[in-house]
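Next up, work.csv (CSV, C-alpha atoms and all ligand atoms):
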chain,number,residue,atom,x,y,z
F,1,MET,CA,-26.4,5.5,-13.0
F,2,ILE,CA,-23.1,4.0,-11.8
F,3,TYR,CA,-22.4,0.5,-12.9
F,4,TYR,CA,-20.3,-1.4,-10.3
F,5,ARG,CA,-18.7,-4.7,-10.9
F,6,LYS,CA,-20.5,-7.6,-9.2
F,7,SER,CA,-18.3,-10.4,-8.2
F,8,GLY,CA,-20.7,-13.4,-8.7
F,9,MET,CA,-21.0,-13.4,-4.9
F,10,GLU,CA,-24.3,-11.7,-4.6
F,11,GLN,CA,-25.6,-14.7,-2.7
F,12,SER,CA,-22.9,-14.2,0.0
F,13,LEU,CA,-23.9,-10.6,0.1
F,14,SER,CA,-27.6,-11.3,0.9
F,15,GLN,CA,-26.5,-13.8,3.5
F,16,SER,CA,-23.8,-11.8,5.2
F,17,LYS,CA,-24.8,-10.0,8.4
F,18,HIS,CA,-21.6,-8.1,8.5
F,19,LEU,CA,-20.8,-5.9,5.5
F,20,ILE,CA,-18.0,-3.4,5.3
F,21,LEU,CA,-17.5,-0.6,2.8
F,22,SER,CA,-13.9,0.1,1.8
F,23,LEU,CA,-12.5,3.1,0.0
F,24,ASP,CA,-9.0,3.5,-1.4
F,25,LEU,CA,-8.1,7.1,-2.4
F,26,GLY,CA,-5.3,7.2,-4.9
F,27,GLY,CA,-3.8,10.1,-6.9
F,28,THR,CA,-5.6,9.1,-10.1
F,29,GLN,CA,-8.5,7.0,-9.1
F,30,PHE,CA,-10.7,6.0,-6.1
F,31,ARG,CA,-11.6,2.3,-5.6
F,32,LEU,CA,-14.6,1.3,-3.7
F,33,ALA,CA,-15.5,-2.2,-2.5
F,34,LEU,CA,-18.2,-3.9,-0.4
F,35,ALA,CA,-16.7,-6.8,1.5
F,36,ASP,CA,-17.8,-9.3,4.1
F,37,GLU,CA,-15.9,-10.0,7.3
F,38,LYS,CA,-13.8,-12.7,5.7
F,39,GLY,CA,-12.4,-10.2,3.3
F,40,GLN,CA,-14.2,-11.3,0.2
F,41,LEU,CA,-14.8,-8.3,-2.1
F,42,LEU,CA,-18.4,-8.8,-3.1
F,43,ARG,CA,-18.8,-5.6,-5.2
F,44,ARG,CA,-16.2,-3.4,-6.6
F,45,TYR,CA,-16.1,0.0,-8.4
F,46,ALA,CA,-13.3,2.3,-9.6
F,47,ALA,CA,-13.4,5.7,-11.2
F,48,PRO,CA,-11.1,8.7,-11.8
F,49,ILE,CA,-10.7,10.9,-8.8
F,50,TYR,CA,-9.7,14.2,-10.6
F,51,SER,CA,-7.9,15.1,-7.4
F,52,GLU,CA,-6.6,18.4,-8.7
F,53,GLN,CA,-10.3,19.7,-8.6
F,54,GLY,CA,-10.1,19.5,-4.8
F,55,PRO,CA,-11.9,17.2,-2.3
F,56,GLU,CA,-15.5,18.6,-2.5
F,57,GLN,CA,-16.3,17.4,-6.1
F,58,ALA,CA,-14.5,14.1,-5.6
F,59,ILE,CA,-16.3,13.4,-2.3
F,60,ARG,CA,-19.7,14.1,-4.0
F,61,ARG,CA,-18.9,11.6,-6.7
F,62,ILE,CA,-17.7,9.1,-4.2
F,63,LYS,CA,-20.9,9.5,-2.2
F,64,ASP,CA,-23.0,8.9,-5.4
F,65,ALA,CA,-21.0,5.7,-6.1
F,66,ILE,CA,-21.6,4.6,-2.5
F,67,THR,CA,-25.3,5.3,-2.6
F,68,GLU,CA,-25.6,3.3,-5.8
F,69,MET,CA,-23.5,0.4,-4.4
F,70,LEU,CA,-25.6,0.2,-1.2
F,71,SER,CA,-29.0,0.8,-2.9
F,72,ASP,CA,-30.2,-2.8,-2.2
F,73,VAL,CA,-28.2,-3.5,0.9
F,74,ASP,CA,-29.8,-3.8,4.3
F,75,PRO,CA,-28.4,-0.8,6.4
F,76,ALA,CA,-28.5,-3.0,9.5
F,77,ALA,CA,-25.8,-5.3,7.9
F,78,LEU,CA,-23.4,-2.5,7.3
F,79,ARG,CA,-20.7,-2.0,10.0
F,80,GLY,CA,-19.1,1.1,8.5
F,81,MET,CA,-16.6,2.3,6.0
F,82,GLY,CA,-12.8,2.2,6.1
F,83,VAL,CA,-10.8,4.7,4.1
F,84,ALA,CA,-7.2,4.2,2.9
F,85,THR,CA,-5.3,7.2,1.7
F,86,ALA,CA,-1.7,8.1,0.9
F,87,GLY,CA,-0.4,10.7,3.2
F,88,LEU,CA,-0.4,11.8,6.8
F,89,VAL,CA,-3.6,11.0,8.6
F,90,THR,CA,-4.3,12.1,12.3
F,91,PRO,CA,-5.0,8.9,14.3
F,92,GLY,CA,-8.6,8.9,15.7
F,93,THR,CA,-9.9,12.1,14.1
F,94,GLY,CA,-9.2,10.9,10.5
F,95,VAL,CA,-8.0,14.3,9.2
F,96,LEU,CA,-5.9,14.0,6.0
F,97,LEU,CA,-3.2,16.6,6.9
F,98,THR,CA,-1.1,16.3,3.7
F,99,SER,CA,-0.7,13.8,0.9
F,100,PRO,CA,1.7,13.6,-2.0
F,101,ASN,CA,-1.0,12.2,-4.2
F,102,LEU,CA,-3.8,14.6,-3.2
F,103,LEU,CA,-2.1,17.9,-3.0
F,104,SER,CA,-5.1,20.2,-2.9
F,105,TRP,CA,-6.7,18.0,-0.1
F,106,TYR,CA,-4.6,19.7,2.6
F,107,ASN,CA,-6.3,19.4,6.0
F,108,THR,CA,-9.4,17.6,4.8
F,109,PRO,CA,-11.4,16.1,7.7
F,110,LEU,CA,-12.2,12.8,5.8
F,111,LYS,CA,-13.8,11.0,8.8
F,112,GLU,CA,-16.1,13.9,9.7
F,113,VAL,CA,-17.1,14.7,6.1
F,114,PHE,CA,-17.9,11.1,5.1
F,115,GLU,CA,-19.8,10.4,8.4
F,116,HIS,CA,-21.9,13.6,7.9
F,117,GLU,CA,-22.6,12.6,4.2
F,118,LEU,CA,-23.2,8.9,4.8
F,119,GLN,CA,-24.7,8.7,8.3
F,120,PHE,CA,-22.7,5.6,9.3
F,121,PRO,CA,-19.3,5.3,11.1
F,122,VAL,CA,-16.1,5.9,9.1
F,123,TRP,CA,-12.5,5.2,10.0
F,124,VAL,CA,-9.5,6.6,8.1
F,125,GLY,CA,-5.9,5.4,7.9
F,126,ASN,CA,-2.7,5.8,5.9
F,127,ASP,CA,-2.7,3.3,3.0
F,128,ALA,CA,0.6,1.6,3.8
F,129,ASN,CA,-0.3,1.3,7.5
F,130,LEU,CA,-3.6,-0.3,6.4
F,131,ALA,CA,-1.9,-2.6,3.9
F,132,ALA,CA,0.1,-4.0,6.9
F,133,LEU,CA,-3.2,-4.5,8.7
F,134,GLY,CA,-4.8,-6.1,5.7
F,135,GLU,CA,-1.9,-8.5,5.2
F,136,ARG,CA,-2.1,-9.4,8.9
F,137,ARG,CA,-5.9,-10.1,8.9
F,138,PHE,CA,-6.3,-11.6,5.4
F,139,GLY,CA,-3.0,-12.2,3.8
F,140,ALA,CA,0.6,-13.3,4.4
F,141,GLY,CA,0.6,-12.2,8.0
F,142,ARG,CA,-2.4,-14.1,9.3
F,143,GLY,CA,-1.9,-14.9,13.0
F,144,SER,CA,1.1,-12.8,13.5
F,145,ASP,CA,1.1,-10.0,16.1
F,146,ASP,CA,4.5,-8.6,15.1
F,147,LEU,CA,5.2,-7.9,11.5
F,148,VAL,CA,6.7,-5.3,9.3
F,149,TYR,CA,5.2,-4.6,5.8
F,150,LEU,CA,7.1,-2.9,3.0
F,151,THR,CA,5.6,-1.9,-0.3
F,152,ILE,CA,8.2,-1.3,-3.0
F,153,SER,CA,7.0,0.4,-6.2
F,154,THR,CA,8.0,3.9,-7.5
F,155,GLY,CA,8.6,4.7,-3.8
F,156,ILE,CA,8.8,2.6,-0.6
F,157,GLY,CA,6.1,2.7,2.0
F,158,GLY,CA,5.5,0.6,5.0
F,159,GLY,CA,3.5,-0.3,8.1
F,160,VAL,CA,4.4,-1.9,11.4
F,161,ILE,CA,2.2,-4.1,13.6
F,162,THR,CA,3.7,-4.5,17.0
F,163,GLY,CA,2.1,-6.5,19.9
F,164,GLY,CA,-1.0,-6.9,17.6
F,165,LYS,CA,-1.4,-3.1,17.1
F,166,PRO,CA,-0.5,-0.8,14.2
F,167,LEU,CA,2.3,1.5,15.2
F,168,LEU,CA,1.1,5.1,14.4
F,169,GLY,CA,3.4,7.3,16.5
F,170,SER,CA,2.5,10.5,18.3
F,171,SER,CA,1.0,12.2,15.2
F,172,GLY,CA,0.5,9.4,12.7
F,173,PHE,CA,3.8,9.7,11.1
F,174,ALA,CA,5.3,6.4,12.3
F,175,ALA,CA,6.6,3.7,9.9
F,176,GLU,CA,7.8,6.0,7.1
F,177,LEU,CA,10.1,3.1,6.5
F,178,GLY,CA,11.2,4.2,3.0
F,179,HIS,CA,12.9,7.3,4.5
F,180,MET,CA,15.4,5.6,6.8
F,181,THR,CA,18.9,6.6,5.9
F,182,ILE,CA,20.9,3.7,4.3
F,183,ASP,CA,23.8,5.8,3.0
F,184,LEU,CA,25.0,9.1,4.6
F,185,ASN,CA,26.2,10.2,1.2
F,186,GLY,CA,23.6,8.5,-1.0
F,187,PRO,CA,21.5,9.9,-3.8
F,188,ARG,CA,18.8,12.6,-3.2
F,189,CYS,CA,15.4,11.3,-2.1
F,190,ASN,CA,12.0,12.9,-3.0
F,191,CYS,CA,11.7,13.8,0.7
F,192,GLY,CA,14.7,16.1,0.5
F,193,ASN,CA,17.0,13.9,2.5
F,194,VAL,CA,19.9,11.9,0.9
F,195,GLY,CA,20.5,8.1,1.0
F,196,CYS,CA,17.0,7.1,2.0
F,197,LEU,CA,16.0,3.4,1.4
F,198,GLU,CA,13.5,4.7,-1.1
F,199,ALA,CA,16.3,6.5,-3.1
F,200,MET,CA,18.3,3.3,-3.1
F,201,ALA,CA,16.0,0.3,-3.5
F,202,SER,CA,12.7,1.5,-5.0
F,203,GLY,CA,11.6,0.9,-8.6
F,204,THR,CA,12.7,4.5,-9.4
F,205,ALA,CA,16.1,3.7,-7.9
F,206,ILE,CA,16.4,0.5,-9.9
F,207,ALA,CA,15.8,2.4,-13.1
F,208,ARG,CA,18.3,5.1,-12.1
F,209,LEU,CA,21.0,2.5,-11.3
F,210,ALA,CA,20.4,0.8,-14.7
F,211,LEU,CA,20.6,4.2,-16.5
F,212,GLU,CA,23.9,4.9,-14.8
F,213,LYS,CA,25.3,1.6,-16.1
F,214,LEU,CA,24.0,2.1,-19.6
F,215,SER,CA,25.4,5.7,-19.8
F,216,THR,CA,28.9,4.3,-19.2
F,217,GLY,CA,28.5,2.3,-22.4
F,218,GLU,CA,27.9,-1.1,-20.8
F,219,VAL,CA,26.3,-3.6,-23.2
F,220,SER,CA,23.0,-4.9,-21.9
F,221,VAL,CA,19.8,-6.6,-23.1
F,222,ILE,CA,18.0,-3.6,-21.5
F,223,THR,CA,19.0,-1.5,-24.5
F,224,ASP,CA,17.2,-4.0,-26.9
F,225,LEU,CA,14.1,-4.2,-24.7
F,226,ILE,CA,13.7,-0.4,-24.8
F,227,ALA,CA,14.7,-0.1,-28.5
F,228,GLY,CA,17.4,2.3,-27.4
F,229,ASP,CA,15.1,4.8,-25.8
F,230,LEU,CA,16.6,5.4,-22.4
F,231,THR,CA,13.5,7.2,-21.2
F,232,LYS,CA,11.8,3.8,-21.2
F,233,VAL,CA,14.1,2.2,-18.6
F,234,THR,CA,11.9,0.9,-15.7
F,235,ALA,CA,12.3,-1.5,-12.9
F,236,GLU,CA,10.1,-3.9,-14.8
F,237,VAL,CA,12.4,-3.8,-17.9
F,238,VAL,CA,15.4,-4.3,-15.6
F,239,CYS,CA,13.7,-7.4,-14.0
F,240,GLU,CA,12.9,-8.8,-17.4
F,241,ALA,CA,16.5,-8.4,-18.5
F,242,ALA,CA,17.8,-9.9,-15.3
F,243,ASN,CA,15.5,-12.9,-15.7
F,244,ALA,CA,17.0,-13.4,-19.1
F,245,GLY,CA,20.4,-13.6,-17.5
F,246,ASP,CA,21.7,-10.1,-18.5
F,247,SER,CA,24.7,-9.4,-16.3
F,248,VAL,CA,24.1,-5.6,-16.1
F,249,ALA,CA,20.5,-6.1,-15.0
F,250,CYS,CA,21.4,-8.8,-12.6
F,251,GLY,CA,24.1,-6.5,-11.1
F,252,VAL,CA,21.5,-3.6,-10.7
F,253,MET,CA,18.9,-5.9,-9.1
F,254,HIS,CA,21.6,-7.3,-6.7
F,255,THR,CA,22.6,-3.8,-5.7
F,256,ALA,CA,19.0,-2.7,-5.0
F,257,ALA,CA,18.3,-5.9,-3.2
F,258,THR,CA,21.4,-5.5,-1.0
F,259,ASN,CA,20.3,-1.9,-0.2
F,260,LEU,CA,16.9,-3.3,0.7
F,261,GLY,CA,18.5,-6.0,2.8
F,262,VAL,CA,20.4,-3.4,4.8
F,263,GLY,CA,17.1,-1.6,5.5
F,264,VAL,CA,15.3,-4.8,6.4
F,265,ALA,CA,18.1,-5.7,8.8
F,266,ASN,CA,17.7,-2.3,10.5
F,267,LEU,CA,13.9,-2.9,10.8
F,268,VAL,CA,14.5,-6.3,12.3
F,269,HIS,CA,16.8,-4.9,15.0
F,270,ILE,CA,14.3,-2.1,15.8
F,271,PHE,CA,11.0,-4.1,15.8
F,272,ASN,CA,12.0,-7.7,16.2
F,273,PRO,CA,9.2,-8.8,13.9
F,274,GLU,CA,8.3,-12.4,13.3
F,275,LEU,CA,7.6,-11.6,9.7
F,276,VAL,CA,8.8,-9.1,7.1
F,277,ILE,CA,6.3,-8.9,4.3
F,278,ILE,CA,7.3,-7.4,1.0
F,279,GLY,CA,4.8,-6.3,-1.6
F,280,GLY,CA,4.4,-3.7,-4.3
F,281,GLY,CA,5.3,-4.0,-8.0
F,282,VAL,CA,9.0,-4.5,-7.5
F,283,SER,CA,8.3,-7.6,-5.3
F,284,ASN,CA,7.1,-9.3,-8.5
F,285,ALA,CA,10.8,-9.8,-9.2
F,286,GLY,CA,10.5,-12.8,-6.8
F,287,GLU,CA,13.6,-14.6,-5.8
F,288,LEU,CA,15.7,-12.2,-7.8
F,289,LEU,CA,14.9,-9.8,-5.0
F,290,PHE,CA,14.1,-12.0,-2.0
F,291,GLU,CA,17.2,-14.3,-2.1
F,292,PRO,CA,19.8,-11.5,-1.8
F,293,VAL,CA,17.6,-9.7,0.8
F,294,ARG,CA,17.5,-12.8,2.9
F,295,GLN,CA,21.3,-13.3,2.6
F,296,VAL,CA,22.1,-9.7,3.6
F,297,VAL,CA,19.7,-9.8,6.5
F,298,ALA,CA,21.1,-13.2,7.7
F,299,ALA,CA,24.6,-11.8,7.5
F,300,ARG,CA,23.7,-8.6,9.4
F,301,ILE,CA,21.3,-9.4,12.2
F,302,MET,CA,22.4,-10.6,15.6
F,303,PRO,CA,22.8,-14.4,15.7
F,304,ASP,CA,19.9,-15.2,18.1
F,305,ILE,CA,17.3,-13.2,16.1
F,306,THR,CA,15.1,-15.1,13.7
F,307,VAL,CA,12.7,-13.6,11.1
F,308,ARG,CA,10.9,-14.8,8.0
F,309,ILE,CA,10.9,-12.6,4.9
F,310,VAL,CA,8.0,-13.4,2.7
F,311,PRO,CA,6.1,-11.9,-0.3
F,312,ALA,CA,2.8,-10.1,0.3
F,313,ALA,CA,-0.3,-12.1,-0.6
F,314,LEU,CA,-3.0,-9.5,-1.3
F,315,GLY,CA,-1.4,-7.7,-4.3
F,316,ASP,CA,-3.2,-4.5,-5.3
F,317,ASN,CA,-6.0,-5.1,-2.7
F,318,SER,CA,-3.8,-4.9,0.4
F,319,SER,CA,-4.9,-1.3,1.3
F,320,LEU,CA,-8.5,-1.9,0.3
F,321,LEU,CA,-8.6,-5.0,2.6
F,322,GLY,CA,-6.7,-3.1,5.3
F,323,ALA,CA,-9.5,-0.6,5.4
F,324,VAL,CA,-11.9,-3.5,5.8
F,325,ALA,CA,-9.7,-4.8,8.7
F,326,LEU,CA,-9.7,-1.3,10.3
F,327,VAL,CA,-13.5,-1.3,10.4
F,328,LEU,CA,-13.6,-4.9,11.9
F,329,GLU,CA,-11.0,-3.9,14.5
F,330,ASN,CA,-13.0,-0.9,15.6
F,331,THR,CA,-16.4,-2.7,15.7
F,332,SER,CA,-15.5,-6.0,17.2
F,333,SER,CA,-16.8,-6.5,20.7
R,401,ZN,ZN,13.4,10.0,1.8

Same coordinates, now as structure tokens:
Amino acid sequence: MIYYRKSGMEQSLSQSKHLILSLDLGGTQFRLALADEKGQLLRRYAAPIYSEQGPEQAIRRIKDAITEMLSDVDPAALRGMGVATAGLVTPGTGVLLTSPNLLSWYNTPLKEVFEHELQFPVWVGNDANLAALGERRFGAGRGSDDLVYLTISTGIGGGVITGGKPLLGSSGFAAELGHMTIDLNGPRCNCGNVGCLEAMASGTAIARLALEKLSTGEVSVITDLIAGDLTKVTAEVVCEAANAGDSVACGVMHTAATNLGVGVANLVHIFNPELVIIGGGVSNAGELLFEPVRQVVAARIMPDITVRIVPAALGDNSSLLGAVALVLENTSS
């Protein structure tokens, strides 16, 4: 028996004629939700994914959770399932080619497997691309046909909506925004390149920049916050110290935000978005991050271009709701 979390919206569930199942595949857990067409999450469930055991066992457990969640749902009301996953997904066919979070899931035909198991339509997309779609339909990008979404946490991911459509590229690899080069001679990135935006403005980069300062003997509140244990320096701690007025932490945040601003200015010149939406854990730094980003962008973009740079509105649910939006876009007449 799987116990899912009911949201107190069971009444909406029985009344809604359009229900969408949404699945977010992460490296440590999968999240499942049943939503209506307004993006209200009516039922939710999360469980460990044990991704290292490979896709077969995980898919079986996900199928069990879905069966339980839908046990009293009218099949005629279900429009299908959207799946958000980190990694490279082939557009249309929904094959997960490779994923940094699901290493043993190489070449898994997620769309085909789930459709065979569930007997209803399934659409699959990259989680950051879908987060852009989710923010556009239900969040900070409502009504905008041209937006860029950036998520900044341990890494930097992104999605682009242009002319009302998600930009996928020839093989689904478009919008790897974190891997644009910001500094020819910058630090090494996880992708193997150097000077990527991700290596210079992510949460990991913020922690690294702080450590570099502390290792030169600079005095900072950060040292007190981590009780002298340098392994505990995180972007969150640096933000906390910066909010307390610590000059080292403020300097680090300013450097990271400046790097981010350079990246955003590049994106503005390439895509001419109406909106740049910034989400992910690091965006919780608020104006500490947004103000310098806006200043750098204003100083760098061509004078006739206008753009708004705003925080994301959907928090942890952006990909889950993006998967809902993906189903709605594929089933609307
Ligand atoms: Zn990179």

Using all atoms listed in the file, which residues sit within 10 Å of stretch 305-312 of chain F once same-chain residues fewer than 3 positions away are excluded, as a PDB file with C-alpha atoms, in the coordinates of the input?
ATOM      1  CA  ALA F 131      -1.900  -2.600   3.900  1.00  0.00           C
ATOM      2  CA  ALA F 132       0.100  -4.000   6.900  1.00  0.00           C
ATOM      3  CA  GLU F 135      -1.900  -8.500   5.200  1.00  0.00           C
ATOM      4  CA  ARG F 136      -2.100  -9.400   8.900  1.00  0.00           C
ATOM      5  CA  GLY F 139      -3.000 -12.200   3.800  1.00  0.00           C
ATOM      6  CA  ALA F 140       0.600 -13.300   4.400  1.00  0.00           C
ATOM      7  CA  GLY F 141       0.600 -12.200   8.000  1.00  0.00           C
ATOM      8  CA  LEU F 147       5.200  -7.900  11.500  1.00  0.00           C
ATOM      9  CA  VAL F 148       6.700  -5.300   9.300  1.00  0.00           C
ATOM     10  CA  TYR F 149       5.200  -4.600   5.800  1.00  0.00           C
ATOM     11  CA  LEU F 150       7.100  -2.900   3.000  1.00  0.00           C
ATOM     12  CA  THR F 151       5.600  -1.900  -0.300  1.00  0.00           C
ATOM     13  CA  VAL F 264      15.300  -4.800   6.400  1.00  0.00           C
ATOM     14  CA  ALA F 265      18.100  -5.700   8.800  1.00  0.00           C
ATOM     15  CA  VAL F 268      14.500  -6.300  12.300  1.00  0.00           C
ATOM     16  CA  HIS F 269      16.800  -4.900  15.000  1.00  0.00           C
ATOM     17  CA  ASN F 272      12.000  -7.700  16.200  1.00  0.00           C
ATOM     18  CA  PRO F 273       9.200  -8.800  13.900  1.00  0.00           C
ATOM     19  CA  GLU F 274       8.300 -12.400  13.300  1.00  0.00           C
ATOM     20  CA  LEU F 275       7.600 -11.600   9.700  1.00  0.00           C
ATOM     21  CA  VAL F 276       8.800  -9.100   7.100  1.00  0.00           C
ATOM     22  CA  ILE F 277       6.300  -8.900   4.300  1.00  0.00           C
ATOM     23  CA  ILE F 278       7.300  -7.400   1.000  1.00  0.00           C
ATOM     24  CA  GLY F 279       4.800  -6.300  -1.600  1.00  0.00           C
ATOM     25  CA  GLY F 280       4.400  -3.700  -4.300  1.00  0.00           C
ATOM     26  CA  SER F 283       8.300  -7.600  -5.300  1.00  0.00           C
ATOM     27  CA  ASN F 284       7.100  -9.300  -8.500  1.00  0.00           C
ATOM     28  CA  GLY F 286      10.500 -12.800  -6.800  1.00  0.00           C
ATOM     29  CA  GLU F 287      13.600 -14.600  -5.800  1.00  0.00           C
ATOM     30  CA  PHE F 290      14.100 -12.000  -2.000  1.00  0.00           C
ATOM     31  CA  GLU F 291      17.200 -14.300  -2.100  1.00  0.00           C
ATOM     32  CA  VAL F 293      17.600  -9.700   0.800  1.00  0.00           C
ATOM     33  CA  ARG F 294      17.500 -12.800   2.900  1.00  0.00           C
ATOM     34  CA  VAL F 297      19.700  -9.800   6.500  1.00  0.00           C
ATOM     35  CA  ALA F 298      21.100 -13.200   7.700  1.00  0.00           C
ATOM     36  CA  ILE F 301      21.300  -9.400  12.200  1.00  0.00           C
ATOM     37  CA  MET F 302      22.400 -10.600  15.600  1.00  0.00           C
ATOM     38  CA  GLY F 315      -1.400  -7.700  -4.300  1.00  0.00           C
ATOM     39  CA  ASP F 316      -3.200  -4.500  -5.300  1.00  0.00           C
ATOM     40  CA  SER F 318      -3.800  -4.900   0.400  1.00  0.00           C
TER      41      SER F 318
END

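Proximity to ligand ZN 401 (chain R) was assessed for F:Asp229, F:Glu329, F:Asp183, F:Glu240 counting only C-alpha atoms and all ligand atoms; the smallest distance is recorded for F:Asp183.
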
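Considering only C-alpha atoms and all ligand atoms, every residue of the polymer chains approaching ligand ZN 401 (chain R) to 6 Å or closer is listed here: His179, Cys189, Asn190, Cys191, Asn193 and Cys196 of chain F.
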
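Atom CA of F:Ala84 is found 6.2 Å from atom CA of F:Ser319.
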
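Between F:Lys111 and the residues F:Pro75, F:Leu23, F:Gly163, F:Ile182, the shortest atom-to-atom distance, using only C-alpha atoms, involves F:Leu23.
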
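Using all atoms listed in the file, the set of residues no farther than 7 Å from the position (-15.6, 3.2, -0.7) comprises Leu21, Ser22, Leu23, Asp24, Arg31, Leu32, Ala33, Ile66, Met81 and Val83 of chain F.
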
Selection near F:Thr331, 10 Å with all atoms listed in the file, sequence-local residues under 2 positions removed, as a PyMOL selection string: chain F and resi 79-80+121+325-329+333

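Proximity of F:Val252, F:Leu211, F:Ala174, F:Leu133 to F:Lys232, computed with all atoms listed in the file, is greatest for F:Leu211.
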
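The list of residues with at least one atom within 8 Å of F:Val238, based on only C-alpha atoms and without residues fewer than 5 positions apart in the same chain, reads F:Ile206, F:Ala207, F:Ala210, F:Ile222, F:Val233, F:Ala249, F:Val252, F:Met253.
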
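Each of F:Thr234, F:Ser51, F:Ser220, F:Asn259 was compared to F:Asn101 using only C-alpha atoms, and F:Ser51 turns out to be the nearest.
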
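Put simply, atom CA of F:Pro166 is 27.1 Å away from atom CA of F:Thr258.
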
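Near stretch 93-95 of chain F, within a cut-off of 12 Å and counting only C-alpha atoms, sit the residues Gly82, Val83, Ala84, Thr85, Gly87, Trp105, Tyr106, Asn107, Thr108, Pro109, Leu110, Lys111, Glu112, Val113, Phe114, Glu115, Pro121, Val122, Trp123, Val124, Gly125, Asn126, Ser171 and Gly172 of chain F, with same-chain residues fewer than 6 positions away left out.
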
Given the choices F:Leu70, F:Leu314, F:Leu289, F:Ala323, which gets closest to F:Ala201 if the distance is worked out from all atoms listed in the file? F:Leu289

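The gap separating atom CA of F:Leu102 from atom CA of F:Ala47 is 15.3 Å, in Å to one decimal.
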
Can you find the residues with an atom no farther than 10 Å from (10.9, 6.0, 8.0), counting all atoms listed in the file, and report them as a list in words? Ile156, Gly157, Gly158, Gly159, Phe173, Ala174, Ala175, Glu176, Leu177, Gly178, His179, Met180, Thr181, Cys196, Leu197, Glu198 and Leu267 of chain F

C-alpha atoms of stretch 115-164 of chain F, written as a short mmCIF file (atom, residue, chain, number, x, y, z; two decimals), in the first residue's frame:
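Output contents, as saved in out37.cif:
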data_model
loop_
_atom_site.label_atom_id
_atom_site.label_comp_id
_atom_site.auth_asym_id
_atom_site.auth_seq_id
_atom_site.Cartn_x
_atom_site.Cartn_y
_atom_site.Cartn_z
CA GLU F 115 3.13 4.11 -22.38
CA HIS F 116 3.40 0.31 -22.58
CA GLU F 117 3.07 -0.05 -18.79
CA LEU F 118 0.34 2.54 -18.26
CA GLN F 119 -1.68 2.43 -21.48
CA PHE F 120 -2.11 6.19 -21.71
CA PRO F 121 -0.07 8.87 -23.52
CA VAL F 122 3.23 10.02 -22.03
CA TRP F 123 5.51 12.93 -22.96
CA VAL F 124 9.08 13.35 -21.71
CA GLY F 125 11.31 16.41 -21.44
CA ASN F 126 14.48 17.75 -19.88
CA ASP F 127 13.70 19.09 -16.39
CA ALA F 128 15.16 22.58 -16.92
CA ASN F 129 13.43 22.98 -20.30
CA LEU F 130 10.18 21.90 -18.64
CA ALA F 131 10.75 24.29 -15.72
CA ALA F 132 10.78 27.11 -18.29
CA LEU F 133 7.50 25.78 -19.69
CA GLY F 134 6.05 25.51 -16.17
CA GLU F 135 7.01 29.08 -15.26
CA ARG F 136 5.49 30.29 -18.52
CA ARG F 137 2.16 28.55 -18.03
CA PHE F 138 1.71 28.76 -14.26
CA GLY F 139 4.41 31.00 -12.77
CA ALA F 140 6.48 34.15 -13.30
CA GLY F 141 6.31 33.94 -17.11
CA ARG F 142 2.55 33.81 -17.57
CA GLY F 143 1.54 35.37 -20.87
CA SER F 144 5.10 35.68 -22.19
CA ASP F 145 6.07 34.04 -25.50
CA ASP F 146 9.75 34.90 -25.21
CA LEU F 147 11.56 34.08 -22.00
CA VAL F 148 14.75 32.60 -20.68
CA TYR F 149 14.70 30.56 -17.48
CA LEU F 150 17.84 29.92 -15.42
CA THR F 151 18.01 27.65 -12.38
CA ILE F 152 20.99 28.23 -10.13
CA SER F 153 21.79 25.64 -7.49
CA THR F 154 24.84 23.35 -7.33
CA GLY F 155 24.93 23.72 -11.13
CA ILE F 156 23.22 26.02 -13.61
CA GLY F 157 20.50 24.77 -15.94
CA GLY F 158 18.15 26.57 -18.21
CA GLY F 159 15.37 26.62 -20.71
CA VAL F 160 14.36 28.99 -23.50
CA ILE F 161 10.89 29.72 -24.82
CA THR F 162 11.02 31.57 -28.12
CA GLY F 163 7.98 32.56 -30.15
CA GLY F 164 5.87 30.60 -27.63
#
